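Comments concern the structure below.
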Amino acid sequence: MDLIPKLPVAEWIDAATKWTTNTFGFLFDFIKNDFGDFIEIVAEDWLMAIPIWLFIVIVGVLAFIASGKRLGLTAFSVIGLWFISNQELWEELMNTFTLVIFASLISVIIGVPFGIWMAKSRTVEKILTPVLDFMQTMPAFVYLIPAVAFFSIGMVPGVFASVIFATPPTVRFTNLGIRQVSHELIEASDSFGTTGTQKLFKVQLPMAKKTIMAGINQTVMLALSMVVIASMIGAKGLGQTVITGLQRAEVGTGFVAGLGIVILAIIIDRFTQNLNTQRGEQ
Amino acid sequence: MPIIQVKNLSKIFGKNAKKATKYLDEGLTKEEILEKTGNTVGVNRASFDVEEGEIFVIMGLSGSGKSTLVRLINRLIEPTEGSVFIDDQDLAKMDSKALRSVRRQKLSMVFQRFGLFPHRTVLENAEFGLEVQGIDKKERQESAKKSLEMVGLGGYIHQFPGQLSGGMQQRVGLARALANDPEVLLMDEAFSALDPLIRKEMQDELLELQESMKKTILFITHDLDEALRIGDRIALMKDGRIVQIGTPEEILVNPANEYVEKFVEDVDRSKVLTAENIMKRPETVDIQKHGPRTALERMRKEGLSSIYVTDAKRNLHGYVTADDVSSAVKQGTDHLKGILRTDVPKVDLQTPMQEIFDIIHDAPVPVAVVEDGKLKGIIVRGAVLAALAGSEVNLNGLNS
């Protein structure tokens with residue numbers, strides 16, 4: 001066993017990270033500053049500019065429409081949001097919401113094309129599958145380290161770590177959804193002389209929509225689950241309150257903030273699920 | 001000039017398929033090739049022509065390669081060897097752009113499980129082929145509506161396929177294929193997923209549509225009854241090979257080999273065979289030449305209880321019964337006119353056997369097969385039963 005000395009894997013990774021930081025520093029700085037500012041603007045200026053009561057009313061109306069005119073989701077959303085504002089956690093909620101939205105959007109924008117690519121090529125599928133496994137099973141804390149190296153602390157590294165953690169379901173489900181389209185429909189499409197692009201946009205993606213949406217739902221939930229972890233590197237929001245509670249051993253503070261995350265999670269989950277209906281379904 | 005010419009078309013599935021083709025040359029069977037190379041022979045050197053405007057049926061049991069064959073024709077499956085000429089262009093050698101344009105302009109396919117897009121309405125399904133070609137919306141919807149009306153679905157254009165019954169869904173499939181106005185319709189077991197009554201209805205409708213459309217139709221089926229019903233010509237497949245090509249009657253009457261013979265054994269012959277196939281040469285007496293004595297003598301010799309009466313030109317006059325004839329003999333009459341009966345059960349040469357059942361059931365005497373007033377043959381009950389059983393029919397024994 002002693003024949004092979006300890007491989008300096010950790011040192012290699014460090015070197016690679018350092019090299020990346022130095023080489024792409026200008027890009028990271030740009031993202032950190034401009035994108036970071038933008039996130040702040042969205043969270044602090046735009047969302048906070050909406051009066052709380054108006055925000056709750058809008059969400060309530062949307063919930064009513066999205067749930068097919070049922071009262072359950074509407075009532076839950078309104079009461080849940082009122083509770084959070086009552087606990088004086090509104091600003092934290094808006095920050096968390098912004099973080100989740102940005103992380104999810106970026107994950108989807110990256111994930112769907114990769115999923116399509118994966119569905120179109122067996123080789124790509126074979127290469128990406130272990131990469132996705134890796135991304136999902138690596139403890140999420142680990143992503144915080146390079147995130148800090150690239151973007152120092154704040155919202156941006158939080159979004160970065162969340163994106164890495166939350167993208168895999170979208171990629172997987174997009175791939176799965178496209179591959180699940182029945183062989184006969186693909187033949188039908190081909191038999192009418194569709195090009196690859198026509199087939200993708202007229203048949204495969206519309207047919208896979210439901211599965212892809214399920215993947216996006218998972219992505220959003222994973223992004224939300226990163227909120228507490230991301231706040232360890234300075235991402236603002238409900239997660240920060242949880243951490244504060246932890247550090248000061250204040251069970252109540254931590255619990256209330258955690259409850260806020262749960263409420264947000266349930267509202268987002270039900271929204272995305274209710275939006276997920278396919279045309280032509282009975 | 002045939003519209004489709006298929007020459008030596010083969011498909012071998014698996015790795016190193018090209019290598020396995022040499023075993024086809026050596027004439028090895030599907031099983032032997034599988035054992036030697038691990039490759040499955042889908043289609044083995046199929047060659048045939050399809051004429052413009054005909055319904056050409058490819059029929060075989062599952063695993064016979066018929067579905068593979070139809071997919072080789074529009075290249076949903078890449079052929080291993082051979083050519084498919086459509087209007088003198090070899091599809092097997094086309095690049096993908098040329099192939100796409102042939103698929104768009106000349107070939108349309110109808111699928112066994114309909115192959116409808118569930119997220120598109122009936123109208124959007126029907127216009128799919130035209131949409132792919134980039135035809136503008138108004139124009140393509142008009143064509144799609146027209147072909148939907150043709151199949152009787154004019155009122156359902158905004159429904160989704162999931163809201164329709166199987167039979168209606170397949171009509172949408174047919175309308176979608178027709179909207180392109182293709183030269184050739186490929187129908188892969190198009191009616192096999194429908195229940196028997198609807199299937200029959202669809203067959204009738206297809207034949208009716210065909211009357212006016214005059215498309216070339218390549219129809220795949222595993223159901224011989226269906227093949228016989230709608231096919232102008234039928235190709236029978238077994239183990240990837242075409243074993244016989246012919247009209248429905250040729251196949252029934254002259255099965256090329258044991259396989260075909262076994263296949264047609266079970267067919268409902270009553271739908272295919274006509275009076276001409278099962279009639280036999282009649283015993284007759286001549287009304288001018290023969291009297292009751294001759295008639296009685298002939299009946300006795302042949303063991304008949306009645307006999308048909310004609311003249312020298314074989315014009316049918318009627319029949320006489322043994323009872324009447326023997327009393328006429330006793331009374332000493334010397335002509336048949338007085339005892340001639342004219343309530344003759346008649347059919348013509350093309351009457352299908354199915355209709356003969358009812359007539360023969362009530363008939364006191366064998367059924368007369370008549371053309372232009374002339375007696376061509378008679379049908380006895382035994383012959384009908386024998387024909388149904390598929391044995392010992394003296395087919396076409398009398399075509400003078």
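Residues are named by chain letter and number: chains run A, B, ... in the order of the structure tokens, numbers start at 1 in each chain, and ligands are numbered from 1 in the order shown.
Those residues of chain B that fall within 7 Å of chain A when using only C-alpha atoms read Leu76, Arg100, Ser101, Arg103, Arg104, Ser108, Met109, Gly115, Leu116, Phe117, Pro118, His119, Arg120, Gly129, Val132, Phe160 and Gly162 of chain B.
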Which residues, written as a ChimeraX atom specification, have at least one atom at most 12 Å from region 20-36 of chain A, with only C-alpha atoms counted and residues fewer than 4 positions away on the same chain left out?
/A:13-16,40-44,98-99,102,146-160,235-236
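Assigned to alpha helix (DSSP H) in region 181-210 of chain A, given DSSP computed from backbone atoms, are His183, Glu184, Leu185, Ile186, Glu187, Ala188, Ser189, Asp190, Ser191, Gly196, Thr197, Gln198, Lys199, Leu205, Pro206, Met207, Ala208, Lys209 and Lys210 of chain A.
Omitting Pro248 (chain B) and its sequence neighbours fewer than 5 positions away, and counting only C-alpha atoms, the residues within 9 Å are B:Ala227, B:Leu228, B:Arg229, B:Gly231, B:Asp232, B:Arg233, B:Ile234, B:Val253, B:Val272.
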Write a file of the selected residues as a PDB file, in the first residue's frame, keeping C-alpha atoms.
ATOM      1  CA  ALA B 227     -56.429  -8.687 -47.704  1.00  0.00           C
ATOM      2  CA  LEU B 228     -58.890 -10.530 -49.903  1.00  0.00           C
ATOM      3  CA  ARG B 229     -61.572  -7.927 -49.356  1.00  0.00           C
ATOM      4  CA  GLY B 231     -56.638  -6.035 -52.297  1.00  0.00           C
ATOM      5  CA  ASP B 232     -56.357  -5.827 -56.049  1.00  0.00           C
ATOM      6  CA  ARG B 233     -53.212  -7.851 -55.653  1.00  0.00           C
ATOM      7  CA  ILE B 234     -51.738  -9.530 -52.617  1.00  0.00           C
ATOM      8  CA  VAL B 253     -57.253 -21.148 -55.978  1.00  0.00           C
ATOM      9  CA  VAL B 272     -64.210 -14.727 -52.001  1.00  0.00           C
TER      10      VAL B 272
END
